[in-house]
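Asks: Below are the structure tokens for one structure; questions will follow.
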Amino acid sequence: MRLLLLLLVAALAQLALPSVRVWAPLAACRPLLLVTVAAARTLTPLGAAWVGLGVGLLIDLLTDQAVGPGGIGGALAGLAVSVTARRFELTGPLFWIVGVVVAVLTTEIVATVVLFSLGGSLGHGWRGSVATLATTGAVALVVAAAERAWLAWQSPTRRRRRMLNRL
Amino acid sequence: MVRLRPRADVSLLLTCLALYVASAAQIRAVRGSALTTGLFALWSPVPKLAASVVEVWDNWVVGRHDLDTTLERYAALRLEVARLREANQVLASDVLALRQGSALLAGFPSLVDRSTVARVITRDVLVSHTMRLDRGRLDGIRLDSPVLGEHGVLGRVDQLADRSCRVQLLSHPSAAAAARLVDLAGEGLLLGGDRPNITGLPPYLEVPVGALVLTTGSEGIYPPGLLLGETGEARTEGLFTVVPVRLAARPTEALVVLVLAPESAGAR
């Protein structure tokens, strides 16, 4: 359910970020990839890959690209993020940062390879990839900070401290 | 019946393969494949709707901002207009007063040396028949100083403060001034009131209507030769001819007046 909510919010953000009222570099951001990263935490690697595939297809649709390369890249990204997070036992902010970096790099590389193998090319150069990495990473940082703050707010330690203060 | 239940990893692989083929079809097809056309037909309303929503939202935000800015500007401009109108009124009043003062000084050049220009602060020409000026004892004004308007004598100072004074107008019931008629011998006494008139003239005196009435100075307050008003139709009452007078000075129009030094040496 949370994943679905996150997917909805991310899709809306993906639609809103290219708006002219938003700072132009943020148009390169792919907030939907955060859904893939989030799925890698709770689902199995294969499940994360399926989620990544769906998210990749959605990104392809939302960004007016050929439908397919993003899906393949997303599937591999979900798999890669899940495996990486399990192998290195990533948690907290590090999970988000590394997860997003892996997801973005995998998606970009796979999409490039797929399109190259079909005689096409990505719509952007390496600068676009760097911009995607930077802006999506920045959003991941925000998400990580928000999660940290939320956990701190909900922590049992804080509850105990508040109860002791009331006594 | 055989039920096909592929493993999840194989399904994923097959799906990716299918996507690869679909991608190839999309990239190779110059005008777009059936898949892209179909997907585009299915998907195109969504971005359009989203774009419309964003546009509407954007217009609403911008419009709201513009409305707020416009309203603020409108309020500021209204305040500015009110301030300017007030300043304009003050300036117009000042200009009028300056014109009157200038006309006064030009009209009585021989009296300029011994006179003070004063502004009218308040006036009551119907009940108390007085007006208050913004000059007083500290400005050299003395009791019984004659006060001149643009068209003639207005009255005399009857109350004095440091920075203001009160003028008793000629229309006051107790006001009086020694007067004579132009081209006629004899002297009378101009008495104030609602209907000022000259009395003390010889009986059956032929007085033309509209003759000028001037001060003689015999009462010791007003300098001689100042215009008091014009005569009306004369009549004889008892031993004297009574001549109604239409006063020349109009206190209602006076914004600036000339206050002369008093004639009598004993003035305080």
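If you're wondering about the labels, chains in the structure tokens are A, B, ... by order shown, residues count from 1 in each chain, ligands from 1 in order shown.
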Within 9 Å of chain A, which residues of chain B come that close, and what is the closest atom pair and distance in Å for each? Count only C-alpha atoms and give it as JSON lines.

Replies:
{"residue": "B:Ala8", "atom": "CA", "partner": "A:Leu46", "partner_atom": "CA", "distance": 7.3}
{"residue": "B:Asp9", "atom": "CA", "partner": "A:Leu46", "partner_atom": "CA", "distance": 6.7}
{"residue": "B:Leu12", "atom": "CA", "partner": "A:Trp50", "partner_atom": "CA", "distance": 7.0}
{"residue": "B:Thr15", "atom": "CA", "partner": "A:Ile72", "partner_atom": "CA", "distance": 8.4}
{"residue": "B:Cys16", "atom": "CA", "partner": "A:Ile72", "partner_atom": "CA", "distance": 5.4}
{"residue": "B:Leu17", "atom": "CA", "partner": "A:Ile72", "partner_atom": "CA", "distance": 8.3}
{"residue": "B:Ala18", "atom": "CA", "partner": "A:Gly68", "partner_atom": "CA", "distance": 8.4}
{"residue": "B:Leu19", "atom": "CA", "partner": "A:Gly68", "partner_atom": "CA", "distance": 4.7}
{"residue": "B:Tyr20", "atom": "CA", "partner": "A:Gly68", "partner_atom": "CA", "distance": 6.1}
{"residue": "B:Val21", "atom": "CA", "partner": "A:Gly68", "partner_atom": "CA", "distance": 8.3}
{"residue": "B:Ala22", "atom": "CA", "partner": "A:Gly68", "partner_atom": "CA", "distance": 6.5}
{"residue": "B:Ser23", "atom": "CA", "partner": "A:Gly68", "partner_atom": "CA", "distance": 5.2}
{"residue": "B:Ala24", "atom": "CA", "partner": "A:Leu118", "partner_atom": "CA", "distance": 5.8}
{"residue": "B:Gln26", "atom": "CA", "partner": "A:Ala66", "partner_atom": "CA", "distance": 6.4}
{"residue": "B:Ile27", "atom": "CA", "partner": "A:Gly120", "partner_atom": "CA", "distance": 6.8}
{"residue": "B:Arg28", "atom": "CA", "partner": "A:Leu118", "partner_atom": "CA", "distance": 7.9}
{"residue": "B:Thr36", "atom": "CA", "partner": "A:Val67", "partner_atom": "CA", "distance": 7.6}
{"residue": "B:Leu39", "atom": "CA", "partner": "A:Leu61", "partner_atom": "CA", "distance": 8.6}
{"residue": "B:Phe40", "atom": "CA", "partner": "A:Leu61", "partner_atom": "CA", "distance": 8.6}
{"residue": "B:Trp43", "atom": "CA", "partner": "A:Leu61", "partner_atom": "CA", "distance": 7.5}
{"residue": "B:Pro47", "atom": "CA", "partner": "A:Leu62", "partner_atom": "CA", "distance": 7.3}
{"residue": "B:Ala50", "atom": "CA", "partner": "A:Leu15", "partner_atom": "CA", "distance": 7.1}
{"residue": "B:Ala51", "atom": "CA", "partner": "A:Leu15", "partner_atom": "CA", "distance": 8.1}
{"residue": "B:Val54", "atom": "CA", "partner": "A:Ala16", "partner_atom": "CA", "distance": 7.2}
{"residue": "B:Glu55", "atom": "CA", "partner": "A:Ser19", "partner_atom": "CA", "distance": 8.8}
{"residue": "B:Asp58", "atom": "CA", "partner": "A:Arg21", "partner_atom": "CA", "distance": 7.7}

Asks: As a ChimeraX atom specification, please: every residue in segment 10-151 of chain B that a backbone DSSP assignment puts in strand (DSSP E).

Replies: /B:115-124,130-133,146-148

Asks: Keeping only C-alpha atoms, write the selected residues as a tab-separated table (two decimals), in the first residue's frame.

Replies:
chain	number	residue	atom	x	y	z
B	115	SER	CA	-0.14	97.06	8.08
B	116	THR	CA	0.11	93.35	8.80
B	117	VAL	CA	-1.20	90.62	6.53
B	118	ALA	CA	-3.20	88.01	8.43
B	119	ARG	CA	-5.07	84.86	7.51
B	120	VAL	CA	-8.63	84.24	8.55
B	121	ILE	CA	-8.85	81.20	10.80
B	122	THR	CA	-12.55	81.15	11.59
B	123	ARG	CA	-15.52	83.36	10.88
B	124	ASP	CA	-19.12	83.66	11.93
B	130	THR	CA	-16.81	88.12	14.11
B	131	MET	CA	-13.82	86.49	12.53
B	132	ARG	CA	-10.58	85.21	14.05
B	133	LEU	CA	-7.19	85.93	12.53
B	146	PRO	CA	-8.80	98.47	11.54
B	147	VAL	CA	-9.14	95.37	9.37
B	148	LEU	CA	-9.42	95.69	5.60

Asks: Give me the residues near segment 242-250 of chain B as a VMD selection string, where near means some atom within 6 Å (using only C-alpha atoms) and where sequence neighbours in that chain fewer than 3 positions away do not count.

Replies: chain B and resid 149 151 to 154 196 to 199 228 to 232 234 to 236 253

Asks: Would you save the residues from that selection as a CSV table (one decimal), in the first residue's frame, using all heavy atoms?

Replies:
chain,number,residue,atom,x,y,z
B,149,GLY,N,-10.6,94.3,4.1
B,149,GLY,CA,-10.7,93.2,3.1
B,149,GLY,C,-10.3,93.7,1.7
B,149,GLY,O,-9.9,94.9,1.6
B,151,HIS,N,-12.2,94.4,-0.7
B,151,HIS,CA,-13.1,95.4,-1.3
B,151,HIS,C,-13.4,96.5,-0.3
B,151,HIS,O,-14.2,97.4,-0.7
B,151,HIS,CB,-14.5,94.7,-1.6
B,151,HIS,CG,-14.3,93.6,-2.6
B,151,HIS,ND1,-14.0,93.8,-3.9
B,151,HIS,CD2,-14.4,92.2,-2.5
B,151,HIS,CE1,-13.9,92.6,-4.5
B,151,HIS,NE2,-14.1,91.6,-3.7
B,152,GLY,N,-12.9,96.5,0.8
B,152,GLY,CA,-13.1,97.6,1.8
B,152,GLY,C,-12.9,97.2,3.2
B,152,GLY,O,-12.4,96.2,3.5
B,153,VAL,N,-13.5,98.1,4.1
B,153,VAL,CA,-13.3,97.9,5.5
B,153,VAL,C,-14.2,96.7,6.0
B,153,VAL,O,-15.4,96.6,5.7
B,153,VAL,CB,-13.7,99.1,6.3
B,153,VAL,CG1,-13.6,98.9,7.8
B,153,VAL,CG2,-12.9,100.3,5.9
B,154,LEU,N,-13.5,95.8,6.8
B,154,LEU,CA,-14.3,94.7,7.3
B,154,LEU,C,-14.7,94.9,8.8
B,154,LEU,O,-15.8,94.6,9.2
B,154,LEU,CB,-13.4,93.4,7.4
B,154,LEU,CG,-13.2,92.7,6.1
B,154,LEU,CD1,-12.1,91.7,6.1
B,154,LEU,CD2,-14.5,91.9,5.8
B,196,PRO,N,-27.2,97.6,8.0
B,196,PRO,CA,-26.3,98.8,8.3
B,196,PRO,C,-26.9,100.1,7.7
B,196,PRO,O,-27.3,100.0,6.5
B,196,PRO,CB,-25.0,98.5,7.8
B,196,PRO,CG,-25.0,97.0,7.5
B,196,PRO,CD,-26.4,96.6,7.3
B,197,ASN,N,-26.8,101.2,8.4
B,197,ASN,CA,-27.2,102.4,7.8
B,197,ASN,C,-26.5,103.6,8.4
B,197,ASN,O,-25.9,103.5,9.4
B,197,ASN,CB,-28.7,102.6,8.0
B,197,ASN,CG,-29.1,102.5,9.4
B,197,ASN,OD1,-28.7,103.3,10.2
B,197,ASN,ND2,-29.9,101.4,9.8
B,198,ILE,N,-26.6,104.7,7.7
B,198,ILE,CA,-25.9,105.9,8.1
B,198,ILE,C,-27.0,106.8,8.7
B,198,ILE,O,-28.0,107.1,8.1
B,198,ILE,CB,-25.2,106.6,7.0
B,198,ILE,CG1,-24.1,105.7,6.4
B,198,ILE,CG2,-24.6,107.9,7.5
B,198,ILE,CD1,-23.5,106.3,5.1
B,199,THR,N,-26.7,107.3,9.9
B,199,THR,CA,-27.6,108.2,10.5
B,199,THR,C,-26.8,109.5,10.9
B,199,THR,O,-25.6,109.5,10.9
B,199,THR,CB,-28.3,107.6,11.7
B,199,THR,OG1,-29.3,108.5,12.2
B,199,THR,CG2,-27.3,107.2,12.8
B,228,LEU,N,-16.4,102.0,2.6
B,228,LEU,CA,-17.3,101.2,3.6
B,228,LEU,C,-18.4,100.5,2.8
B,228,LEU,O,-18.7,99.3,3.1
B,228,LEU,CB,-17.9,102.1,4.6
B,228,LEU,CG,-17.0,102.7,5.7
B,228,LEU,CD1,-17.7,103.8,6.4
B,228,LEU,CD2,-16.6,101.6,6.6
B,229,GLY,N,-19.0,101.1,1.8
B,229,GLY,CA,-20.0,100.5,1.0
B,229,GLY,C,-20.7,101.4,0.1
B,229,GLY,O,-20.1,102.4,-0.3
B,230,GLU,N,-21.9,101.0,-0.3
B,230,GLU,CA,-22.7,101.9,-1.3
B,230,GLU,C,-24.0,102.2,-0.6
B,230,GLU,O,-24.6,101.4,0.1
B,230,GLU,CB,-22.9,101.1,-2.6
B,230,GLU,CG,-21.7,100.9,-3.4
B,230,GLU,CD,-21.9,100.1,-4.7
B,230,GLU,OE1,-23.1,99.7,-4.9
B,230,GLU,OE2,-21.0,100.0,-5.5
B,231,THR,N,-24.6,103.3,-1.0
B,231,THR,CA,-25.8,103.7,-0.4
B,231,THR,C,-27.0,103.0,-1.1
B,231,THR,O,-27.0,102.6,-2.2
B,231,THR,CB,-26.0,105.2,-0.6
B,231,THR,OG1,-26.0,105.5,-1.9
B,231,THR,CG2,-25.0,106.0,0.2
B,232,GLY,N,-28.1,102.9,-0.3
B,232,GLY,CA,-29.3,102.4,-0.8
B,232,GLY,C,-30.3,103.6,-0.9
B,232,GLY,O,-29.9,104.8,-1.0
B,234,ALA,N,-32.4,106.4,0.4
B,234,ALA,CA,-32.4,107.2,1.7
B,234,ALA,C,-33.9,107.6,2.1
B,234,ALA,O,-34.8,107.7,1.3
B,234,ALA,CB,-31.6,108.4,1.6
B,235,ARG,N,-34.0,107.8,3.4
B,235,ARG,CA,-35.3,108.2,3.9
B,235,ARG,C,-35.1,109.1,5.1
B,235,ARG,O,-34.0,109.0,5.7
B,235,ARG,CB,-36.2,107.0,4.3
B,235,ARG,CG,-35.6,106.2,5.4
B,235,ARG,CD,-36.4,104.9,5.6
B,235,ARG,NE,-35.9,104.2,6.8
B,235,ARG,CZ,-34.8,103.4,6.7
B,235,ARG,NH1,-34.2,103.2,5.6
B,235,ARG,NH2,-34.4,102.8,7.8
B,236,THR,N,-36.1,110.0,5.4
B,236,THR,CA,-35.9,110.8,6.6
B,236,THR,C,-36.7,110.3,7.7
B,236,THR,O,-37.9,109.9,7.6
B,236,THR,CB,-36.4,112.3,6.2
B,236,THR,OG1,-35.6,112.8,5.1
B,236,THR,CG2,-36.3,113.2,7.4
B,253,GLU,N,-15.9,85.9,1.8
B,253,GLU,CA,-14.9,85.6,0.8
B,253,GLU,C,-13.5,85.9,1.3
B,253,GLU,O,-12.6,85.6,0.5
B,253,GLU,CB,-15.2,86.4,-0.5
B,253,GLU,CG,-16.6,86.0,-1.1
B,253,GLU,CD,-16.9,86.9,-2.3
B,253,GLU,OE1,-16.1,87.8,-2.6
B,253,GLU,OE2,-18.0,86.8,-2.8

Asks: Give me every alpha helix (DSSP H) residue in segment 58-197 of chain B, going by DSSP on the backbone, as a ChimeraX atom specification.

Replies: /B:58-107

Asks: Which residues are near Ala77 of chain A? Cut-off 8 Å, only C-alpha atoms, ignore same chain within fewer than 3 positions. Put them as a count of residues only.

Replies: 12

Asks: Which residues are near Val139 of chain A? Cut-off 8 Å, only C-alpha atoms, ignore same chain within fewer than 4 positions. Put them as a list in words.

Replies: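 Here the qualifying residues turn out to be Pro31, Thr135 and Val143 of chain A.
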
Asks: How many Å lie between atom CA of Val98 of chain A and atom CA of Phe116 of chain A, rounded to one decimal?

Replies: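 Answer for the atom CA of Val98 of chain A to atom CA of Phe116 of chain A separation: 26.4 Å.
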
Asks: Which residue gives the smallest distance to Thr42 of chain A among A:Ser82, A:Thr136, A:Gln14, A:Ser129, with only C-alpha atoms counted?

Replies: A:Ser82

Asks: What is the distance between atom CA of Ala10 of chain A and atom CA of Val35 of chain A, in Å to one decimal?

Replies: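 The value is 7.4 Å.
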
Asks: Which residues are close to segment 176-184 of chain B, i.e. within 10 Å by only C-alpha atoms, leaving aside same-chain residues fewer than 5 positions away? Reply as a PDB file with N, CA, C and O atoms, in the first residue's frame.

Replies:
ATOM      1  N   GLY B 155     -13.853  95.575   9.561  1.00  0.00           N
ATOM      2  CA  GLY B 155     -14.206  95.819  10.957  1.00  0.00           C
ATOM      3  C   GLY B 155     -12.972  96.224  11.733  1.00  0.00           C
ATOM      4  O   GLY B 155     -12.013  96.745  11.161  1.00  0.00           O
ATOM      5  N   ARG B 156     -12.992  95.925  13.017  1.00  0.00           N
ATOM      6  CA  ARG B 156     -11.856  96.287  13.863  1.00  0.00           C
ATOM      7  C   ARG B 156     -11.565  95.154  14.835  1.00  0.00           C
ATOM      8  O   ARG B 156     -12.453  94.316  15.111  1.00  0.00           O
ATOM      9  N   LEU B 169     -16.924  92.575  13.026  1.00  0.00           N
ATOM     10  CA  LEU B 169     -17.266  93.006  11.669  1.00  0.00           C
ATOM     11  C   LEU B 169     -18.210  94.211  11.708  1.00  0.00           C
ATOM     12  O   LEU B 169     -18.886  94.465  12.718  1.00  0.00           O
ATOM     13  N   LEU B 170     -18.250  94.916  10.609  1.00  0.00           N
ATOM     14  CA  LEU B 170     -19.135  96.081  10.534  1.00  0.00           C
ATOM     15  C   LEU B 170     -20.599  95.677  10.596  1.00  0.00           C
ATOM     16  O   LEU B 170     -21.462  96.496  10.887  1.00  0.00           O
ATOM     17  N   SER B 171     -20.864  94.417  10.331  1.00  0.00           N
ATOM     18  CA  SER B 171     -22.253  93.951  10.409  1.00  0.00           C
ATOM     19  C   SER B 171     -22.678  93.640  11.848  1.00  0.00           C
ATOM     20  O   SER B 171     -23.827  93.287  12.091  1.00  0.00           O
ATOM     21  N   LEU B 189     -22.963 108.718  10.965  1.00  0.00           N
ATOM     22  CA  LEU B 189     -22.415 107.583  11.699  1.00  0.00           C
ATOM     23  C   LEU B 189     -22.991 106.292  11.104  1.00  0.00           C
ATOM     24  O   LEU B 189     -24.207 106.112  11.059  1.00  0.00           O
ATOM     25  N   LEU B 190     -22.071 105.475  10.647  1.00  0.00           N
ATOM     26  CA  LEU B 190     -22.507 104.181  10.105  1.00  0.00           C
ATOM     27  C   LEU B 190     -22.718 103.235  11.282  1.00  0.00           C
ATOM     28  O   LEU B 190     -21.801 102.973  12.059  1.00  0.00           O
ATOM     29  N   LEU B 191     -23.913 102.745  11.402  1.00  0.00           N
ATOM     30  CA  LEU B 191     -24.225 101.792  12.467  1.00  0.00           C
ATOM     31  C   LEU B 191     -24.371 100.394  11.862  1.00  0.00           C
ATOM     32  O   LEU B 191     -24.953 100.231  10.781  1.00  0.00           O
ATOM     33  N   GLY B 192     -23.829  99.405  12.591  1.00  0.00           N
ATOM     34  CA  GLY B 192     -23.862  98.025  12.070  1.00  0.00           C
ATOM     35  C   GLY B 192     -25.205  97.370  12.300  1.00  0.00           C
ATOM     36  O   GLY B 192     -26.216  98.031  12.544  1.00  0.00           O
ATOM     37  N   GLY B 193     -25.200  96.075  12.244  1.00  0.00           N
ATOM     38  CA  GLY B 193     -26.438  95.326  12.393  1.00  0.00           C
ATOM     39  C   GLY B 193     -26.758  94.577  11.119  1.00  0.00           C
ATOM     40  O   GLY B 193     -25.977  94.564  10.157  1.00  0.00           O
ATOM     41  N   PRO B 196     -27.151  97.641   7.980  1.00  0.00           N
ATOM     42  CA  PRO B 196     -26.333  98.816   8.340  1.00  0.00           C
ATOM     43  C   PRO B 196     -26.873 100.074   7.669  1.00  0.00           C
ATOM     44  O   PRO B 196     -27.350 100.029   6.528  1.00  0.00           O
ATOM     45  N   ASN B 197     -26.791 101.163   8.386  1.00  0.00           N
ATOM     46  CA  ASN B 197     -27.244 102.423   7.789  1.00  0.00           C
ATOM     47  C   ASN B 197     -26.476 103.583   8.384  1.00  0.00           C
ATOM     48  O   ASN B 197     -25.851 103.458   9.445  1.00  0.00           O
ATOM     49  N   ILE B 198     -26.569 104.700   7.656  1.00  0.00           N
ATOM     50  CA  ILE B 198     -25.909 105.928   8.130  1.00  0.00           C
ATOM     51  C   ILE B 198     -26.981 106.828   8.710  1.00  0.00           C
ATOM     52  O   ILE B 198     -28.015 107.070   8.084  1.00  0.00           O
ATOM     53  N   THR B 199     -26.691 107.287   9.864  1.00  0.00           N
ATOM     54  CA  THR B 199     -27.616 108.223  10.481  1.00  0.00           C
ATOM     55  C   THR B 199     -26.839 109.464  10.908  1.00  0.00           C
ATOM     56  O   THR B 199     -25.613 109.479  10.876  1.00  0.00           O
ATOM     57  N   GLY B 200     -27.590 110.521  11.270  1.00  0.00           N
ATOM     58  CA  GLY B 200     -26.923 111.766  11.680  1.00  0.00           C
ATOM     59  C   GLY B 200     -26.758 112.744  10.541  1.00  0.00           C
ATOM     60  O   GLY B 200     -26.177 113.824  10.719  1.00  0.00           O
ATOM     61  N   LEU B 201     -27.253 112.400   9.364  1.00  0.00           N
ATOM     62  CA  LEU B 201     -27.179 113.333   8.242  1.00  0.00           C
ATOM     63  C   LEU B 201     -28.356 114.304   8.307  1.00  0.00           C
ATOM     64  O   LEU B 201     -29.405 113.982   8.886  1.00  0.00           O
ATOM     65  N   LEU B 205     -32.132 115.076   2.889  1.00  0.00           N
ATOM     66  CA  LEU B 205     -30.913 115.125   2.052  1.00  0.00           C
ATOM     67  C   LEU B 205     -31.127 114.234   0.829  1.00  0.00           C
ATOM     68  O   LEU B 205     -31.601 113.107   0.942  1.00  0.00           O
ATOM     69  N   GLU B 206     -30.777 114.791  -0.329  1.00  0.00           N
ATOM     70  CA  GLU B 206     -30.919 114.018  -1.572  1.00  0.00           C
ATOM     71  C   GLU B 206     -29.697 113.099  -1.706  1.00  0.00           C
ATOM     72  O   GLU B 206     -28.594 113.564  -1.958  1.00  0.00           O
ATOM     73  N   VAL B 207     -29.931 111.846  -1.536  1.00  0.00           N
ATOM     74  CA  VAL B 207     -28.808 110.893  -1.609  1.00  0.00           C
ATOM     75  C   VAL B 207     -29.023 109.958  -2.803  1.00  0.00           C
ATOM     76  O   VAL B 207     -30.035 109.239  -2.854  1.00  0.00           O
ATOM     77  N   PRO B 208     -28.136 110.029  -3.773  1.00  0.00           N
ATOM     78  CA  PRO B 208     -28.293 109.117  -4.914  1.00  0.00           C
ATOM     79  C   PRO B 208     -28.041 107.662  -4.496  1.00  0.00           C
ATOM     80  O   PRO B 208     -27.191 107.387  -3.646  1.00  0.00           O
ATOM     81  N   ALA B 211     -24.244 105.629  -4.217  1.00  0.00           N
ATOM     82  CA  ALA B 211     -23.114 106.524  -3.908  1.00  0.00           C
ATOM     83  C   ALA B 211     -22.158 105.821  -2.956  1.00  0.00           C
ATOM     84  O   ALA B 211     -22.576 105.038  -2.095  1.00  0.00           O
ATOM     85  N   LEU B 212     -20.881 106.092  -3.127  1.00  0.00           N
ATOM     86  CA  LEU B 212     -19.873 105.430  -2.297  1.00  0.00           C
ATOM     87  C   LEU B 212     -19.842 106.025  -0.901  1.00  0.00           C
ATOM     88  O   LEU B 212     -19.959 107.245  -0.729  1.00  0.00           O
ATOM     89  N   VAL B 213     -19.678 105.157   0.096  1.00  0.00           N
ATOM     90  CA  VAL B 213     -19.581 105.588   1.499  1.00  0.00           C
ATOM     91  C   VAL B 213     -18.156 105.344   1.957  1.00  0.00           C
ATOM     92  O   VAL B 213     -17.643 104.222   1.849  1.00  0.00           O
ATOM     93  N   LEU B 214     -17.518 106.429   2.466  1.00  0.00           N
ATOM     94  CA  LEU B 214     -16.115 106.324   2.878  1.00  0.00           C
ATOM     95  C   LEU B 214     -15.974 106.668   4.350  1.00  0.00           C
ATOM     96  O   LEU B 214     -16.849 107.324   4.940  1.00  0.00           O
ATOM     97  N   THR B 215     -14.870 106.228   4.936  1.00  0.00           N
ATOM     98  CA  THR B 215     -14.586 106.568   6.333  1.00  0.00           C
ATOM     99  C   THR B 215     -14.076 108.010   6.403  1.00  0.00           C
ATOM    100  O   THR B 215     -13.465 108.521   5.449  1.00  0.00           O
ATOM    101  N   THR B 216     -14.329 108.657   7.562  1.00  0.00           N
ATOM    102  CA  THR B 216     -13.797 110.011   7.768  1.00  0.00           C
ATOM    103  C   THR B 216     -12.674 110.025   8.796  1.00  0.00           C
ATOM    104  O   THR B 216     -11.860 110.930   8.830  1.00  0.00           O
ATOM    105  N   GLY B 217     -12.678 109.008   9.652  1.00  0.00           N
ATOM    106  CA  GLY B 217     -11.619 108.932  10.664  1.00  0.00           C
ATOM    107  C   GLY B 217     -11.934 109.681  11.922  1.00  0.00           C
ATOM    108  O   GLY B 217     -11.124 109.719  12.853  1.00  0.00           O
ATOM    109  N   SER B 218     -13.127 110.336  12.025  1.00  0.00           N
ATOM    110  CA  SER B 218     -13.407 111.143  13.214  1.00  0.00           C
ATOM    111  C   SER B 218     -13.590 110.308  14.475  1.00  0.00           C
ATOM    112  O   SER B 218     -13.427 110.808  15.568  1.00  0.00           O
ATOM    113  N   GLU B 219     -13.957 109.029  14.307  1.00  0.00           N
ATOM    114  CA  GLU B 219     -14.146 108.209  15.524  1.00  0.00           C
ATOM    115  C   GLU B 219     -12.819 107.737  16.099  1.00  0.00           C
ATOM    116  O   GLU B 219     -12.764 107.165  17.174  1.00  0.00           O
ATOM    117  N   GLY B 220     -11.734 107.968  15.383  1.00  0.00           N
ATOM    118  CA  GLY B 220     -10.403 107.645  15.894  1.00  0.00           C
ATOM    119  C   GLY B 220      -9.984 106.204  15.709  1.00  0.00           C
ATOM    120  O   GLY B 220      -9.003 105.756  16.307  1.00  0.00           O
ATOM    121  N   ILE B 221     -10.698 105.485  14.912  1.00  0.00           N
ATOM    122  CA  ILE B 221     -10.319 104.076  14.698  1.00  0.00           C
ATOM    123  C   ILE B 221      -9.872 103.850  13.253  1.00  0.00           C
ATOM    124  O   ILE B 221      -8.774 103.367  12.998  1.00  0.00           O
ATOM    125  N   TYR B 222     -10.727 104.215  12.315  1.00  0.00           N
ATOM    126  CA  TYR B 222     -10.437 103.937  10.905  1.00  0.00           C
ATOM    127  C   TYR B 222      -9.767 105.133  10.251  1.00  0.00           C
ATOM    128  O   TYR B 222     -10.137 106.291  10.506  1.00  0.00           O
ATOM    129  N   PRO B 224      -9.094 107.818   7.315  1.00  0.00           N
ATOM    130  CA  PRO B 224     -10.060 108.412   6.399  1.00  0.00           C
ATOM    131  C   PRO B 224      -9.870 107.902   4.964  1.00  0.00           C
ATOM    132  O   PRO B 224      -8.773 107.538   4.564  1.00  0.00           O
ATOM    133  N   GLY B 225     -10.997 107.898   4.239  1.00  0.00           N
ATOM    134  CA  GLY B 225     -10.928 107.575   2.813  1.00  0.00           C
ATOM    135  C   GLY B 225     -11.067 106.109   2.475  1.00  0.00           C
ATOM    136  O   GLY B 225     -10.948 105.734   1.304  1.00  0.00           O
ATOM    137  N   LEU B 226     -11.322 105.270   3.427  1.00  0.00           N
ATOM    138  CA  LEU B 226     -11.480 103.836   3.111  1.00  0.00           C
ATOM    139  C   LEU B 226     -12.931 103.542   2.748  1.00  0.00           C
ATOM    140  O   LEU B 226     -13.853 104.101   3.329  1.00  0.00           O
ATOM    141  N   LEU B 227     -13.109 102.636   1.812  1.00  0.00           N
ATOM    142  CA  LEU B 227     -14.459 102.340   1.327  1.00  0.00           C
ATOM    143  C   LEU B 227     -15.220 101.478   2.343  1.00  0.00           C
ATOM    144  O   LEU B 227     -14.728 100.444   2.800  1.00  0.00           O
ATOM    145  N   LEU B 228     -16.434 101.977   2.643  1.00  0.00           N
ATOM    146  CA  LEU B 228     -17.287 101.193   3.558  1.00  0.00           C
ATOM    147  C   LEU B 228     -18.374 100.453   2.790  1.00  0.00           C
ATOM    148  O   LEU B 228     -18.730  99.331   3.120  1.00  0.00           O
ATOM    149  N   GLY B 229     -18.958 101.123   1.789  1.00  0.00           N
ATOM    150  CA  GLY B 229     -20.008 100.464   1.033  1.00  0.00           C
ATOM    151  C   GLY B 229     -20.673 101.413   0.068  1.00  0.00           C
ATOM    152  O   GLY B 229     -20.101 102.445  -0.302  1.00  0.00           O
ATOM    153  N   GLU B 230     -21.906 101.040  -0.343  1.00  0.00           N
ATOM    154  CA  GLU B 230     -22.683 101.863  -1.271  1.00  0.00           C
ATOM    155  C   GLU B 230     -24.030 102.164  -0.633  1.00  0.00           C
ATOM    156  O   GLU B 230     -24.566 101.356   0.143  1.00  0.00           O
ATOM    157  N   THR B 231     -24.558 103.300  -1.016  1.00  0.00           N
ATOM    158  CA  THR B 231     -25.835 103.703  -0.408  1.00  0.00           C
ATOM    159  C   THR B 231     -27.002 103.011  -1.066  1.00  0.00           C
ATOM    160  O   THR B 231     -26.951 102.610  -2.234  1.00  0.00           O
ATOM    161  N   VAL B 243     -29.682 106.584   5.752  1.00  0.00           N
ATOM    162  CA  VAL B 243     -29.299 106.007   4.452  1.00  0.00           C
ATOM    163  C   VAL B 243     -28.866 104.546   4.648  1.00  0.00           C
ATOM    164  O   VAL B 243     -27.861 104.289   5.331  1.00  0.00           O
TER     165      VAL B 243
END
